[in-house]
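Asks: One structure coming up, written as structure tokens, with questions to follow.
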Amino acid sequence: MFSEKNAFQESFKKRLEQSYSISFNDSTRAQQFVTLSQMVREHISKEWIETNERYRQGKKQTYYLSIEFLLGRLLGQNLINLGLYETLETWLRDIGIPLEELENVEPDAGLGNGGLGRLAACFLDSLASLGLPGHGFGIRYKHGLFEQKMVDGFQMELPENWLRYGYVWEVRKSDLAVEVPFWGSVDVVERKEGIKFRHVDAEYVKAVPYDIPVIGYGGETVNTLRLWTAETSSFTLNQDVLKYKKETEAISEFLYPDDSNDDGKILRLKQQYFLVSASIRSILRQHLNNGGKLQNLHERVAIHINDTHPVLAIPELMRVLLDDYQMSWEDAWHVTENTFAYTNHTTLSEALERWPIRIFRPLLPRIFMIVEEINERFCKSLWEQYPGEWERIEKMAIVAKDEVRMAHLAIAGSHSVNGVAWLHTEILKNREMNDFYQFSPQKFNNKTNGITHRRWLLKANPELTALLTDTIGDGFKKDASELSKLAPFAEDSAFLEKLWNVKLKRKEILAKRIFEQNGIKVDPTSIFDVQVKRLHAYKRQLLNVLHILSLYNKLKKEPSFHMPPRTFIFGAKASPGYFYAKRIIKLIHSVADLVNNDPDTKGIITVVFMENYRVSLAEDIIPAADISEQISTASKEASGTGNMKFMMNGAVTMGTLDGANVEILEQTGPDDIFIFGLKAEEVMAYERDGGYRSMDYYHHDSLIRRTLDQLVNGKLDDEGLFDVIYDSLLAENDQYFVLKDFEAYRIAQEEAGRIYEQDPERWRKMMVKNISGSGIFSSDRTIKEYANEIWNI
Ligand SMILES: *Cc1c(COP(=O)(O)O)cnc(C)c1O
């Protein structure tokens with residue numbers, strides 16, 4: 001199909017005309033996009049079938065369960081992985097079609113919030129590219145993460161609609177649908193062989209799978225991402241059909257429905273059980289079809305739980321083994337514990353999932369019984385280890401205080417528990433999960449996150465990819481560790497010049513986009529200082545924006561103050577119910593209005609907020625960045641992966657010693673990164689012992705004082721919009737240490753500006769050092785570690 005130019009062009013046109021009954025010349029980009037994508041899908045169907053055949057021979061499989069998959073667009077990535085991108089770009093250009101425009105027609109599959117969902121997507125790419133048998137299971141939300149629209153600096157949320165025109169990459173597998181039971185009760189029957197449990201009077205929901213091919217680099221392995229849709233089941237005869245239909249379809253309607261009330265909580269728990277029940281059924285069916293036995297499930301199947309959302313897979317597998325296959329508890333537990341592995345993604349205690357029993361038990365009566373039994377046996381084993389230590393046991397229990405603690409269930413039911421960066425894992429072991437670490441140290445391990453360099457370098461930055469290929473050959477495309485070959489070129493001034501021009505080119509492209517979207521003219525030769533990520537207090541966009549405001553103040557007040565021109569670029573969605581985060585977005589806009597329109601600072605500071613941050617926008621922004629803002633309060637960011645994407649594209653990190661920044665520092669060395677601020681132990685010591693008073697920093701630092709006063713004195717708005725931010729910093733003692741780190745941040749930023757302006761050669765060497773040290777952050781490295789050390793595939 002793609003082997004010969006004329007044949008390709010002919011068949012492309014013919015298909016287009018046949019599918020749409022339209023002449024080629026009248027066809028739209030959208031129609032051309034669909035046609036090309038369908039051709040790609042057919043092209044890989046043979047490899048997809050063959051991959052499945054190979055797996056049927058009993059090789060151990062890994063299944064990655066995740067409530068989020070932040071895939072972004074697939075066409076361009078698939079063409080790159082198939083080695084067809086450049087060829088098709090030329091062949092299409094010949095017939096008047098810019099491939100890039102077709103790519104831009106594709107909606108982002110935004111079935112996730114941020115890092116956690118993007119990690120799952122990067123992992124799928126690496127699994128397939130390494131030829132490993134690893135598949136994803138998720139939910140096919142009708143609406144992914146909301147679309148952000150800015151109105152007067154306020155975030156508005158519109159329902160996202162990626163399925164509006166159908167989704168070309170998926171295949172519906174109606175024949176593989178399964179039934180998922182909710183509500184009802186448990187029937188206890190005494191038999192000769194013992195007591196049997198049956199879930200009766202349940203309301204059923206049909207889970208229908210849609211499969212998306214995951215095409216590995218080189219095109220030999222095509223794994224599967226299976227997403228489930230909830231549909232009404234003919235098993236359920238319901239009085240109120242419309243209500244049943246509505247409640248059923250709601251399960252796969254929205255990613256993270258509002259759970260501030262009980263109905264919302266029930267819906268989320270339904271989503272979780274829906275995902276795992278359907279997935280476990282599907283996994284077991286394949287295992288048994290391939291000749292596997294239930295007793296050896298763990299030898300042929302590894303199931304990974306991405307954060308706690310899919311943790312009910314543990315009691316669900318127990319339920320199937322016990323109730324459907326009459327296995328003994330001990331045997332079932334042995335199989336289950338050795339099948340599951342769990343990744344923790346956060347140490348923020350408010351983010352640790354807990355379900356009230358009053359919601360859990362009625363919705364999932366049999367699962368609740370099993371969770372109770374797991375809890376009882378777990379507590380008994382704790383008692384044997386720690387006789388008499390009631391307090392410790394109560395703290396570690398899975399069910400306690402009228403709640404089910406999902407993280408505890410995950411740890412108890414898995415043979416491996418991992419954090420996502422060295423520091424994060426240390427904090428888990430020594431603090432957050434210390435009790436569990438003491439009890440079963442062998443379970444705990446670290447797997448530092450990664451990103452697929454095929455999307456974040458080859459796809460996102462073809463200009464840099466071409467330069468790297470000219471310089472060190474194309475081995476890095478397959479094996480990102482070969483990026484280290486670039487290190488000696490830090491001394492090659494001709495190379496530095498070319499690298500600089502690539503960066504400038506990318507900045508020009510972004511500047512054009514900014515002008516189109518925001519109507520703001522930015523200077524591509526200014527420093528592009530970028531913070532793009534979810535909006536959260538711990539990520540401290542506030543520190544960044546207050547620093548900008550303070551620079552503005554200095555420019556206005558001190559005629560001798562000089563700084564090199566900077567363009568500050570933000571992108572961030574705030575979770576719809578997160579009022580404080582939304583106010584920070586508004587603040588960024590208000591500061592932008594102030595500084596962008598003041599003739600005294602025009603051209604020196606420019607602030608840009610790009611709306612609707614998502615994967616495809618990230619791919620445009622990151623290659624253009626000079627400075628990568630990774631300034632979370634130390635100990636709060638588990639890993640970060642944005643930091644890795646920036647590094648790989650030659651941006652220099654401005655960061656705290658948090659998450660994977662610690663490991664980025666190991667790669668660059670201290671001279672090629674800007675590290676500032678409190679360390680994790682210091683933050684944790686203040687949190688434990690007190691001793692920080694933000695008010696002191698207000699009183700003793702006039703720059704801070706002047707800047708904070710502007711939040712409330714009518715300079716930025718006259719409606720008290722920012723009182724809540726001002727209060728969080730002063731009245732509430734600045735939980736995230738923004739003021740404490742302010743001066744250190746200011747100095748680090750000044751240093752960055754000075755080097756950029758006065759020692760451009762030094763800056764360019766820093767860029768090289770970052771790119772050449774970034775290979776270790778390819779998710780191929782991460783996945784190899786999971787495969788060898790956890791999954792045994
Ligand atoms: C990588 C990525 C993230 C994660 O960014 P962090 O800086 O690690 O929080 C979030 N959203 C999108 C769209 C991404 O591509």
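Chain lettering (A, B, ...) mirrors the order of the structure tokens, residue numbering begins at 1 for each chain separately, and ligand numbering begins at 1 in order of display.
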Tell me which protein, DNA and RNA residues are within 6 Å of region 457-468 of chain A, counting only C-alpha atoms, leaving out same-chain ones fewer than 4 positions away, and put them as a PDB file with N, CA and C atoms, in the first residue's frame.

Replies:
ATOM      1  N   HIS A 453      10.852   8.936  23.648  1.00  0.00           N
ATOM      2  CA  HIS A 453      11.594   9.919  22.842  1.00  0.00           C
ATOM      3  C   HIS A 453      11.085   9.933  21.411  1.00  0.00           C
ATOM      4  N   ILE A 472      25.283  12.618  15.014  1.00  0.00           N
ATOM      5  CA  ILE A 472      25.680  11.372  15.694  1.00  0.00           C
ATOM      6  C   ILE A 472      25.088  10.122  15.052  1.00  0.00           C
ATOM      7  N   GLU A 619       3.525  19.426  22.367  1.00  0.00           N
ATOM      8  CA  GLU A 619       4.478  19.099  21.312  1.00  0.00           C
ATOM      9  C   GLU A 619       4.930  20.355  20.553  1.00  0.00           C
TER      10      GLU A 619
END

Asks: At a cut-off of 8 Å, using only C-alpha atoms, what residues contact Phe12 (chain A)? Leave out same-chain residues fewer than 4 positions from it and give the result as a ChimeraX atom specification.

Replies: /A:8,16,35-36

Asks: Could the residues that lie within 6 Å of ligand 1, counting only C-alpha atoms and all ligand atoms, be listed as a PyMOL selection string?

Replies: chain A and resi 114-115+118+533+614-615+618+640-643

Asks: Counting only C-alpha atoms, give me one row per residue of region 706-768 of chain A with an atom at most 8 Å from an atom of region 482-497 of chain A, showing the shortest contact pair and its distance in Å to one decimal, sorted by chain then residue number, as CSV.

Replies:
residue,atom,partner,partner_atom,distance
A:Glu761,CA,A:Leu496,CA,7.7
A:Arg764,CA,A:Leu496,CA,6.0
A:Lys765,CA,A:Ala490,CA,5.0
A:Val768,CA,A:Ala490,CA,5.8

Asks: Just N, CA and C atoms for this one: save the residues we selected as a PDB file, in the first residue's frame.

Replies:
ATOM      1  N   GLU A 761      27.702  31.166  24.576  1.00  0.00           N
ATOM      2  CA  GLU A 761      28.367  29.890  24.294  1.00  0.00           C
ATOM      3  C   GLU A 761      28.152  28.918  25.451  1.00  0.00           C
ATOM      4  N   ARG A 764      24.730  27.484  25.277  1.00  0.00           N
ATOM      5  CA  ARG A 764      24.582  26.453  24.240  1.00  0.00           C
ATOM      6  C   ARG A 764      25.192  25.126  24.699  1.00  0.00           C
ATOM      7  N   LYS A 765      26.293  25.239  25.439  1.00  0.00           N
ATOM      8  CA  LYS A 765      26.890  24.007  25.982  1.00  0.00           C
ATOM      9  C   LYS A 765      25.938  23.353  26.986  1.00  0.00           C
ATOM     10  N   VAL A 768      23.507  21.357  25.106  1.00  0.00           N
ATOM     11  CA  VAL A 768      24.065  20.076  24.650  1.00  0.00           C
ATOM     12  C   VAL A 768      24.089  19.075  25.795  1.00  0.00           C
TER      13      VAL A 768
END

Asks: Using only C-alpha atoms, which residues of region 233-257 of chain A come within 12 Å of region 46-69 of chain A, and what is the closest atom pair for each, with the distance in Å to one decimal? Give it as JSON lines, sorted by chain and residue number.

Replies:
{"residue": "A:Ser252", "atom": "CA", "partner": "A:Ile67", "partner_atom": "CA", "distance": 11.0}
{"residue": "A:Phe254", "atom": "CA", "partner": "A:Ile67", "partner_atom": "CA", "distance": 11.3}
{"residue": "A:Leu255", "atom": "CA", "partner": "A:Glu68", "partner_atom": "CA", "distance": 8.1}
{"residue": "A:Tyr256", "atom": "CA", "partner": "A:Ile67", "partner_atom": "CA", "distance": 9.1}

Asks: Would you mind listing what lies within 12 Å of Arg706 (chain A) as a list of chain:residue names, with only C-alpha atoms counted and same-chain residues fewer than 2 positions away left out?

Replies: A:Leu546, A:His547, A:Leu549, A:Ser550, A:Leu551, A:Tyr552, A:Asn553, A:Lys554, A:Lys557, A:Tyr697, A:Tyr698, A:His699, A:His700, A:Asp701, A:Ser702, A:Leu703, A:Ile704, A:Leu708, A:Asp709, A:Gln710, A:Leu711, A:Val712, A:Asn713, A:Lys715

Asks: I'd like the neighbourhood of region 434-440 of chain A as an MDAnalysis selection string, where a residue qualifies if any of its atoms comes within 9 Å (using only C-alpha atoms), though same-chain residues fewer than 2 positions away should be ignored.

Replies: chainID A and resid 382 385 392 395:396 408 411:412 427:432 442:444
